[in-house]
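Quick notes on the structure that follows.
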Amino acid sequence: MTSNELRQKFLDFFEEKGHKVISSSSLIPDNDPTVLFTTAGMQQFKPFYAEPDKAPYASVASVQKCLRTSDIEEVGDDTHLTFFEMLGNFSFGYPEKKDSYFKKEAISFAWEFLTGKLKVDKSRIYATYFKGEKGIPEDKESLEILKKIKDLKKIEPQGFEDNFWSLGTEGSPGGPTVEFYIDGIEIWNLVFNEYSLQKGKYEPLKHKGVDTGMGLERLLTTLNGHKDVYETDLCLPLIEKIEEISGKKYKENENLFRIICDHIKTAVFAVNDGILPSNKEAGYVVRRIIRRAIVKGHQLGINKNFTSDFVDIVSAIYKETYKIQADKVKKELESEEERFRKTLKMGLAQFNKTIQNYRDSKGEKVSELYTGEAYEFEEILPGKVIFDLYQTYGFPIELTKELAQEKELDVDEKGFQEEFKKHQDLSRTASAGMFKGGLADSGDPQVVKYHTAAHLLLAALQEVLGEHVHQKGSNLTADRLRLDFSHPEKLTDEERQKVEDWVNDKIEKKLEVHLDECDLETAKSKGAEGEFTEKYGDKVKVYSIGGDLSSKEAVSKEICGGPHVENTGELGHFRIKNETSSSKGVRRIKATLE
Ligand code: SER
C-alpha cells in the first residue's frame, strides 16, 4: 500500500462515519503559547474540548503533520522520527452535542478500520486500557467495550505512564487511553478526554471528547511488512538520494542516513511553514536540526552543500498532500548551510584538538575541575570550550554534546551556562534582548522551570536515598530535565514514588526561591550543594528553596548560576518519566513538568 492510498482510506472511512475531513494545520500552533510546534493531531482542536459550542462540527478527522523533538536522541532506530504525520479522528461535546460520540463508537471505529478496511489479521492485534492510578479511576467502561470484541485476543491493563495522555501543558485536555497494538507495536492511541490539566491537577471536564492518533509512517511500515519506517515511500527516495550524494551504502551507515533523512525532511516542512533557523525558540530548534544533519553528512564524507538538494524530493513525495514552496525553502536551507559550513571545518578541528589536549593530560585536568567525589568514569568538556564552539563556530550546544559523547566525554553544561551569562552581561547593552529565550534555551521560561525542578529533584534524591547522592551532570530542554546522580542501584518503585511525591509536595507548598551571594567556604559551611566548585570566583551564587542560605527550613541549597523561578508554585506537576543507568555508579532520571 502507498502512503497516499493509506491517507485516503483513513479519511474516506471516517467521512463515511459522519466525520468532517479537516486539512492539516501548520507546524506553528495557532494561538497556543504553551507549545513551540504542532505535536499532535488534536492541537488545532484543543479549545473545542473545553468549549464544544465553538466547534463547527461534532466529529472530525484529519491527517496532521507533526514535529516532535522529545525523542530526537532516538532518531536513527527503526521507528522514531521528528517529522511524522498523524491520522486522527476526534469528537467534542459528548453527550450534548449532536453527532458527538465517545468510547463505544471510537473503539468500534478503530477495530473496524484495522480489521475490516485494512484487513489486518485479528490474531495480530491486542489492546491496552487504563487500570487506574494517581487518584484517577480505572477506565472500566473501555474495558467492558473491549471485552465485547469477539476476536480481540488480549486486553492488557496499564498505568498512568502508558495509558493516560495529555499535552502536559496548562489547560490541556487529557484522559485515559485505549491503545491498539499490531505485532506488539503500538499503532493507535485513543484518548478519551474527560479531564483538563489545571495547575498540575487533572480536573474533570464538563464535556467529554475523543482524540485519536495513529502514526502514518509506522502503520504503513506494519501493513507492508517492512522492518522500519525508512523502507516506506515516505523515506526511501531520500535514503537513495543520500546514497547518490555520499557515494556510501545505506546498509553500512544506517544511523547517519536515517538521521539525515529525518532531519532534512523536518527542516523542509518547518521552513515551508515559516519557521526559519534562528537563535530563538522554534527557530533555534530548526537551526539545531539542520546543523546536526550537516554534521552527520560531514561524517558521511559529504563536504559540499547538500541540504537543498532534497527539497524537490520531499516535494515530490508529498505532492498529493502538501504544497512545498520549493524555491523559498531551498534558499533558506542554502543560506543556513552556507553560513554553517564557513566555520564547520575549523570548529571540528578546534573540537578535535581540544579533545586531544585533554586525552594527553588525562587525569590531572579533570580532577582540577571537580573537587567533590572523584569523577572516575568520564572526563568533562569545559563550558568555555563549548561556549567558544557556539560563539565562534556556530555549534549548538546539543551538537557539541553529541560529538563529545561520541568521544566518551561528558560536557560541563553549568560552566557553559556561566560563560553564556558572562557574555550576556558583557554585551547586554549592545544586544539587548538578543539572547532572551535563546541559545541552549537558557532564558526560556520552561527551561528555567526545569532548572528549579532539577534542584528539587536532587534534594529529593538526597532525602529519600541518602547523603551519598550528588549531581553528576544535567541537561535541560524546554521539554524535560535530565539529571545524572551518584547512586549504586536502580530505584525501587517505592523510592521513585517517594522522590516524585517529595518534589510535588514542595511545589504544592509554593516555596520561595532565594538567591544569596557569598564566598565558597560560607556557602559550603551552610550546607550548599556544589558541583564544579573550583571554577567559581571569589563570590558564588547560592539558590535556596523554602528559606535563604542561613535558614534551617530551606529544602534545597545549591551553588548555581541560575536563573530560577521565584516560587516553586510556578512549576506545575512533576513527573519522573524514566530512571536508567548512566554509567557505573551513576543513575539518570528524565522528568517532565506538566
Ligand atoms: N493526542 C494523542 C497522541 O498524540 C492521540 O492523538 O498520541
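The way I read the labels, and the way they are meant: chains A, B, ... in the order of the C-alpha cells, residue 1 as the first residue of every chain, and ligand 1 as the first ligand shown, with later ones counted on from there.
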Any idea what's packed within 9 Å of Thr266 in chain A, counting only C-alpha atoms, ignoring anything in its chain fewer than 5 positions away? Could you give it as an MDAnalysis selection string?
-> chainID A and resid 67 81:84 261 271 286 289:290
Once you count only C-alpha atoms and all ligand atoms, which residues end up within 6 Å of ligand 1, and could you hand them over as an MDAnalysis selection string?
-> chainID A and resid 40:42 189:191 211:213
How would the residues just picked look written out with N, CA and C atoms as an mmCIF file, in the first residue's frame?
```
data_model
loop_
_atom_site.group_PDB
_atom_site.id
_atom_site.type_symbol
_atom_site.label_atom_id
_atom_site.label_comp_id
_atom_site.auth_asym_id
_atom_site.auth_seq_id
_atom_site.Cartn_x
_atom_site.Cartn_y
_atom_site.Cartn_z
ATOM 1 N N ALA A 40 0.698 17.041 17.753
ATOM 2 C CA ALA A 40 -0.343 16.006 17.693
ATOM 3 C C ALA A 40 -1.533 16.522 16.897
ATOM 4 N N GLY A 41 -2.331 15.583 16.410
ATOM 5 C CA GLY A 41 -3.497 15.950 15.604
ATOM 6 C C GLY A 41 -4.490 16.806 16.363
ATOM 7 N N MET A 42 -4.562 16.608 17.679
ATOM 8 C CA MET A 42 -5.561 17.330 18.464
ATOM 9 C C MET A 42 -5.240 18.809 18.662
ATOM 10 N N ASN A 189 -3.539 5.317 19.258
ATOM 11 C CA ASN A 189 -3.794 5.795 20.609
ATOM 12 C C ASN A 189 -5.152 6.492 20.644
ATOM 13 N N LEU A 190 -6.083 5.924 21.390
ATOM 14 C CA LEU A 190 -7.423 6.509 21.505
ATOM 15 C C LEU A 190 -7.519 7.189 22.869
ATOM 16 N N VAL A 191 -7.578 8.509 22.866
ATOM 17 C CA VAL A 191 -7.609 9.250 24.128
ATOM 18 C C VAL A 191 -9.044 9.689 24.408
ATOM 19 N N ASP A 211 -9.969 11.906 21.141
ATOM 20 C CA ASP A 211 -8.805 12.355 20.374
ATOM 21 C C ASP A 211 -8.000 11.112 20.038
ATOM 22 N N THR A 212 -7.979 10.712 18.789
ATOM 23 C CA THR A 212 -7.174 9.524 18.480
ATOM 24 C C THR A 212 -6.014 9.900 17.576
ATOM 25 N N GLY A 213 -4.956 9.129 17.667
ATOM 26 C CA GLY A 213 -3.780 9.408 16.851
ATOM 27 C C GLY A 213 -3.084 8.129 16.448
#
```
Near Thr79 in chain A, within 8 Å and counting only C-alpha atoms, which residues show up once chain neighbours fewer than 2 positions away are dropped, as an MDAnalysis selection string?
-> chainID A and resid 75 77 81 218 228:229
Long-range neighbours of range 484-496 of chain A as an MDAnalysis selection string, 12 Å cut-off, only C-alpha atoms, 3 positions minimum in chain = chainID A and resid 372:377 410 454:455 457:476 481 499:503 531 575:591
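Note that the spacing between CA of Lys251 in chain A and CA of Arg288 in chain A amounts to 25.9 Å.
The neighbours of Lys506 in chain A here are the residues that come within 12 Å of it, using only C-alpha atoms and leaving out any residue fewer than 4 positions away in the same chain; they are Thr452, Ala453, His455, Leu456, Leu457, Ala459, Ala460, Val499, Glu500, Asp501, Trp502, Lys510, Leu511, Glu512, Val513, Ile545, Gly546, Glu553, Ala554, Val555, Ser556, Asn567, Thr568, Gly569, Glu570, Leu571, Gly572, His573 and Phe574 of chain A.
Closest to Lys296 in chain A among A:Pro56, A:Gly18, A:Gly159, A:Gly76 is A:Gly76, based on only C-alpha atoms.
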Select, from A:Lys104, A:Lys65, A:Lys384, A:Lys323, the residue with the minimum atom-to-atom distance to Glu419 in chain A, counting only C-alpha atoms.
->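 Smallest separation from Glu419 in chain A among the options: A:Lys384.
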In Å, how far is it from CA of Arg339 in chain A to CA of Tyr358 in chain A?
-> 29.0 Å
Backbone-only DSSP, strand (DSSP E or B) members of range 63-281 of chain A, as a PyMOL selection string | chain A and resi 63-67+75+77+83-94+125-130+133+136+155-158+164-166+173-182+185-198+201-215
Selection file, C-alpha atoms, as a short mmCIF file (atom, residue, chain, number, x, y, z; two decimals), in the first residue's frame:
```cif
data_model
loop_
_atom_site.label_atom_id
_atom_site.label_comp_id
_atom_site.auth_asym_id
_atom_site.auth_seq_id
_atom_site.Cartn_x
_atom_site.Cartn_y
_atom_site.Cartn_z
CA VAL A 63 -4.06 13.77 8.70
CA GLN A 64 -1.85 16.17 10.64
CA LYS A 65 1.82 16.94 10.05
CA CYS A 66 3.63 16.94 13.39
CA LEU A 67 7.05 17.94 14.67
CA VAL A 75 16.00 9.01 15.77
CA ASP A 77 16.29 3.48 15.27
CA PHE A 83 8.61 14.81 11.49
CA PHE A 84 5.66 12.48 11.06
CA GLU A 85 2.01 12.50 10.14
CA MET A 86 -0.78 11.57 12.48
CA LEU A 87 -4.04 10.05 11.32
CA GLY A 88 -6.77 11.02 13.76
CA ASN A 89 -10.49 11.13 14.43
CA PHE A 90 -11.92 13.48 17.03
CA SER A 91 -15.21 14.23 18.72
CA PHE A 92 -16.27 17.10 21.00
CA GLY A 93 -19.04 17.89 23.46
CA TYR A 94 -20.30 14.40 24.27
CA ILE A 125 -3.91 -7.25 17.32
CA TYR A 126 -4.24 -6.63 21.04
CA ALA A 127 -5.36 -3.67 23.15
CA THR A 128 -4.42 -1.94 26.39
CA TYR A 129 -6.55 0.20 28.69
CA PHE A 130 -6.06 2.41 31.79
CA GLU A 133 -3.58 5.30 39.08
CA ILE A 136 -7.72 8.71 38.61
CA ILE A 155 -6.57 -6.83 26.84
CA GLU A 156 -3.75 -5.50 29.00
CA PRO A 157 -4.23 -3.10 31.92
CA GLN A 158 -1.63 -0.31 32.02
CA PHE A 164 -3.16 8.29 30.15
CA TRP A 165 -2.50 11.11 27.68
CA SER A 166 -2.49 14.88 27.69
CA PRO A 173 -7.41 18.19 27.86
CA GLY A 174 -6.42 14.66 28.85
CA GLY A 175 -7.75 11.29 29.79
CA PRO A 176 -7.42 7.53 29.85
CA THR A 177 -6.47 5.81 26.63
CA VAL A 178 -7.10 2.59 24.78
CA GLU A 179 -4.18 1.60 22.59
CA PHE A 180 -4.21 -0.90 19.77
CA TYR A 181 -1.05 -2.85 19.06
CA ILE A 182 -0.18 -4.83 15.93
CA ILE A 185 3.96 -2.35 18.09
CA GLU A 186 1.79 0.48 19.34
CA ILE A 187 -0.27 1.67 16.40
CA TRP A 188 -3.26 3.67 17.54
CA ASN A 189 -3.79 5.80 20.61
CA LEU A 190 -7.42 6.51 21.50
CA VAL A 191 -7.61 9.25 24.13
CA PHE A 192 -10.84 9.82 26.00
CA ASN A 193 -10.69 13.41 27.17
CA GLU A 194 -12.56 13.52 30.44
CA TYR A 195 -10.13 15.80 32.30
CA SER A 196 -8.36 19.10 31.95
CA LEU A 197 -4.95 19.87 33.41
CA GLN A 198 -5.46 22.74 35.85
CA LYS A 201 -4.10 18.52 38.65
CA TYR A 202 -6.45 16.66 36.38
CA GLU A 203 -9.88 18.15 36.98
CA PRO A 204 -12.98 16.55 35.40
CA LEU A 205 -14.10 18.21 32.17
CA LYS A 206 -17.72 19.18 31.82
CA HIS A 207 -17.89 17.79 28.29
CA LYS A 208 -16.27 14.60 27.11
CA GLY A 209 -14.31 14.19 23.93
CA VAL A 210 -12.32 11.80 21.76
CA ASP A 211 -8.81 12.35 20.37
CA THR A 212 -7.17 9.52 18.48
CA GLY A 213 -3.78 9.41 16.85
CA MET A 214 -2.11 6.84 14.64
CA GLY A 215 1.35 7.39 13.14
#
```
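Neighbours of Phe416 in chain A closer than or equal to 7 Å, with only C-alpha atoms counted and sequence neighbours fewer than 3 positions away skipped, come out as A:Gly383, A:Lys384, A:Ile386, A:Phe387, A:Asp412, A:Glu413, A:Glu419, A:Phe420.
Once Ala293 in chain A and its same-chain neighbours fewer than 6 positions away are set aside, Ile259, Ile260, His263 and Ile264 of chain A remain within 7 Å of it when counting only C-alpha atoms.
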Among the residues A:Val285, A:Leu11, A:Ile559, A:Ala50, the one that comes closest to Thr69 in chain A [using only C-alpha atoms] = A:Val285
Could you jot down the CA of Gln417 in chain A to CA of Thr354 in chain A separation for me, Å, one decimal place?
-> 19.3 Å
Members of range 248-322 of chain A assigned helix (DSSP H, G or I) by DSSP, as a short mmCIF file (atom, residue, chain, number, x, y, z; two decimals) with N, CA, C and O atoms, in the first residue's frame:
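Done, and the output landed in selection_15.cif:
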```
data_model
loop_
_atom_site.label_atom_id
_atom_site.label_comp_id
_atom_site.auth_asym_id
_atom_site.auth_seq_id
_atom_site.Cartn_x
_atom_site.Cartn_y
_atom_site.Cartn_z
N TYR A 250 23.72 2.70 2.24
CA TYR A 250 22.81 2.86 3.39
C TYR A 250 23.03 1.76 4.42
O TYR A 250 23.15 2.02 5.62
N LYS A 251 23.10 0.53 3.95
CA LYS A 251 23.18 -0.61 4.88
C LYS A 251 24.41 -0.54 5.78
O LYS A 251 24.43 -1.11 6.87
N GLU A 252 25.45 0.14 5.30
CA GLU A 252 26.67 0.22 6.12
C GLU A 252 26.70 1.46 7.01
O GLU A 252 27.59 1.63 7.83
N GLU A 254 23.58 2.98 8.45
CA GLU A 254 22.14 3.19 8.69
C GLU A 254 21.84 4.40 9.56
O GLU A 254 20.98 5.21 9.25
N ASN A 255 22.56 4.49 10.68
CA ASN A 255 22.25 5.54 11.64
C ASN A 255 22.40 6.95 11.04
O ASN A 255 21.49 7.77 11.15
N LEU A 256 23.52 7.19 10.40
CA LEU A 256 23.75 8.51 9.80
C LEU A 256 22.70 8.81 8.73
O LEU A 256 22.13 9.90 8.68
N PHE A 257 22.45 7.85 7.86
CA PHE A 257 21.46 8.05 6.79
C PHE A 257 20.08 8.40 7.38
O PHE A 257 19.39 9.29 6.90
N ARG A 258 19.70 7.67 8.39
CA ARG A 258 18.36 7.86 8.95
C ARG A 258 18.21 9.25 9.58
O ARG A 258 17.20 9.91 9.41
N ILE A 259 19.25 9.66 10.31
CA ILE A 259 19.17 10.98 10.96
C ILE A 259 19.12 12.07 9.89
O ILE A 259 18.30 12.99 9.96
N ILE A 260 19.95 11.95 8.87
CA ILE A 260 19.95 12.97 7.80
C ILE A 260 18.58 13.00 7.13
O ILE A 260 17.99 14.06 6.93
N CYS A 261 18.06 11.82 6.79
CA CYS A 261 16.76 11.73 6.11
C CYS A 261 15.66 12.39 6.95
O CYS A 261 14.93 13.26 6.47
N ASP A 262 15.60 12.02 8.21
CA ASP A 262 14.56 12.58 9.09
C ASP A 262 14.73 14.09 9.26
O ASP A 262 13.79 14.86 9.11
N HIS A 263 15.95 14.51 9.58
CA HIS A 263 16.16 15.92 9.94
C HIS A 263 15.94 16.84 8.74
O HIS A 263 15.39 17.93 8.88
N ILE A 264 16.39 16.42 7.56
CA ILE A 264 16.21 17.31 6.41
C ILE A 264 14.73 17.44 6.09
O ILE A 264 14.23 18.52 5.81
N LYS A 265 14.02 16.34 6.20
CA LYS A 265 12.58 16.41 5.93
C LYS A 265 11.91 17.36 6.94
O LYS A 265 11.10 18.22 6.58
N THR A 266 12.27 17.24 8.19
CA THR A 266 11.73 18.12 9.23
C THR A 266 12.04 19.58 8.90
O THR A 266 11.17 20.45 8.98
N ALA A 267 13.29 19.82 8.49
CA ALA A 267 13.69 21.20 8.18
C ALA A 267 12.89 21.74 7.00
O ALA A 267 12.44 22.89 7.02
N VAL A 268 12.68 20.92 5.99
CA VAL A 268 11.93 21.37 4.81
C VAL A 268 10.51 21.78 5.23
O VAL A 268 10.04 22.87 4.88
N PHE A 269 9.87 20.94 6.01
CA PHE A 269 8.49 21.27 6.42
C PHE A 269 8.44 22.47 7.36
O PHE A 269 7.55 23.30 7.28
N ALA A 270 9.41 22.55 8.26
CA ALA A 270 9.42 23.68 9.20
C ALA A 270 9.61 24.99 8.46
O ALA A 270 8.85 25.95 8.65
N VAL A 271 10.62 25.02 7.60
CA VAL A 271 10.89 26.25 6.85
C VAL A 271 9.69 26.59 5.96
O VAL A 271 9.27 27.73 5.85
N ASN A 272 9.12 25.56 5.36
CA ASN A 272 7.95 25.77 4.50
C ASN A 272 6.80 26.43 5.26
O ASN A 272 6.05 27.24 4.72
N GLU A 281 13.96 30.05 20.34
CA GLU A 281 12.79 29.18 20.42
C GLU A 281 12.66 28.21 19.24
O GLU A 281 13.57 27.45 18.97
N ALA A 282 11.53 28.23 18.54
CA ALA A 282 11.32 27.24 17.48
C ALA A 282 12.41 27.34 16.41
O ALA A 282 12.89 26.33 15.90
N GLY A 283 12.83 28.56 16.10
CA GLY A 283 13.86 28.76 15.08
C GLY A 283 15.18 28.12 15.51
O GLY A 283 15.93 27.59 14.69
N TYR A 284 15.44 28.16 16.79
CA TYR A 284 16.67 27.54 17.31
C TYR A 284 16.62 26.03 17.13
O TYR A 284 17.61 25.39 16.77
N VAL A 285 15.44 25.45 17.38
CA VAL A 285 15.29 24.00 17.21
C VAL A 285 15.54 23.62 15.74
O VAL A 285 16.24 22.64 15.45
N VAL A 286 15.01 24.42 14.84
CA VAL A 286 15.19 24.13 13.41
C VAL A 286 16.67 24.28 13.02
O VAL A 286 17.23 23.45 12.31
N ARG A 287 17.30 25.33 13.52
CA ARG A 287 18.74 25.50 13.26
C ARG A 287 19.52 24.29 13.76
O ARG A 287 20.38 23.76 13.07
N ARG A 288 19.20 23.87 14.96
CA ARG A 288 19.88 22.73 15.57
C ARG A 288 19.72 21.47 14.71
O ARG A 288 20.67 20.72 14.48
N ILE A 289 18.51 21.27 14.20
CA ILE A 289 18.23 20.09 13.39
C ILE A 289 18.99 20.15 12.06
O ILE A 289 19.60 19.17 11.63
N ILE A 290 19.00 21.32 11.43
CA ILE A 290 19.72 21.45 10.15
C ILE A 290 21.22 21.23 10.37
O ILE A 290 21.87 20.48 9.65
N ARG A 291 21.75 21.86 11.40
CA ARG A 291 23.20 21.76 11.62
C ARG A 291 23.59 20.34 12.00
O ARG A 291 24.67 19.87 11.64
N ARG A 292 22.71 19.67 12.70
CA ARG A 292 23.00 18.27 13.05
C ARG A 292 23.05 17.43 11.77
O ARG A 292 23.93 16.58 11.60
N ALA A 293 22.11 17.67 10.86
CA ALA A 293 22.09 16.92 9.60
C ALA A 293 23.38 17.19 8.82
O ALA A 293 23.97 16.27 8.23
N ILE A 294 23.85 18.44 8.84
CA ILE A 294 25.07 18.77 8.10
C ILE A 294 26.29 18.06 8.71
O ILE A 294 27.14 17.53 7.99
N VAL A 295 26.33 18.04 10.04
CA VAL A 295 27.46 17.35 10.68
C VAL A 295 27.41 15.85 10.39
O VAL A 295 28.43 15.22 10.11
N LYS A 296 26.21 15.27 10.41
CA LYS A 296 26.09 13.84 10.08
C LYS A 296 26.52 13.61 8.64
O LYS A 296 27.16 12.62 8.32
N GLY A 297 26.16 14.55 7.75
CA GLY A 297 26.59 14.46 6.36
C GLY A 297 28.11 14.52 6.27
O GLY A 297 28.74 13.75 5.55
N HIS A 298 28.69 15.42 7.04
CA HIS A 298 30.15 15.56 7.08
C HIS A 298 30.78 14.22 7.52
O HIS A 298 31.77 13.78 6.94
N GLN A 299 30.17 13.60 8.50
CA GLN A 299 30.70 12.31 8.97
C GLN A 299 30.59 11.24 7.89
O GLN A 299 31.31 10.25 7.91
N THR A 307 21.89 20.10 1.60
CA THR A 307 20.54 20.02 2.17
C THR A 307 19.46 20.45 1.18
O THR A 307 18.39 19.83 1.12
N SER A 308 19.75 21.47 0.37
CA SER A 308 18.70 21.96 -0.54
C SER A 308 18.44 20.98 -1.69
O SER A 308 17.40 21.05 -2.34
N ASP A 309 19.38 20.04 -1.92
CA ASP A 309 19.15 19.04 -2.98
C ASP A 309 17.97 18.13 -2.67
O ASP A 309 17.51 17.39 -3.54
N PHE A 310 17.53 18.13 -1.42
CA PHE A 310 16.45 17.21 -1.03
C PHE A 310 15.05 17.83 -1.15
O PHE A 310 14.07 17.13 -1.02
N VAL A 311 15.04 19.13 -1.36
CA VAL A 311 13.74 19.81 -1.32
C VAL A 311 12.78 19.28 -2.39
O VAL A 311 11.62 18.99 -2.12
N ASP A 312 13.29 19.15 -3.62
CA ASP A 312 12.41 18.67 -4.69
C ASP A 312 11.94 17.24 -4.42
O ASP A 312 10.82 16.87 -4.80
N ILE A 313 12.78 16.46 -3.78
CA ILE A 313 12.38 15.07 -3.50
C ILE A 313 11.28 15.04 -2.44
O ILE A 313 10.27 14.35 -2.58
N VAL A 314 11.47 15.84 -1.38
CA VAL A 314 10.42 15.91 -0.35
C VAL A 314 9.13 16.41 -0.99
O VAL A 314 8.04 15.86 -0.77
N SER A 315 9.26 17.40 -1.84
CA SER A 315 8.10 17.97 -2.50
C SER A 315 7.38 16.90 -3.34
O SER A 315 6.15 16.81 -3.33
N ALA A 316 8.15 16.07 -4.04
CA ALA A 316 7.55 15.03 -4.88
C ALA A 316 6.88 13.95 -4.03
O ALA A 316 5.77 13.48 -4.34
N ILE A 317 7.51 13.58 -2.93
CA ILE A 317 6.94 12.54 -2.06
C ILE A 317 5.55 12.98 -1.57
O ILE A 317 4.63 12.18 -1.49
#
```
Using only C-alpha atoms, pick whichever of A:Leu118, A:Val542, A:Leu399, A:Ile22 has the shortest atom-to-atom distance to Glu5 in chain A.
-> A:Leu118
Option closest in space to Ile275 in chain A, from A:Leu348, A:Leu223, A:Val329, A:Leu381 [counting only C-alpha atoms] |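 Going through A:Leu348, A:Leu223, A:Val329, A:Leu381 one by one, the smallest distance to Ile275 in chain A is for A:Val329.
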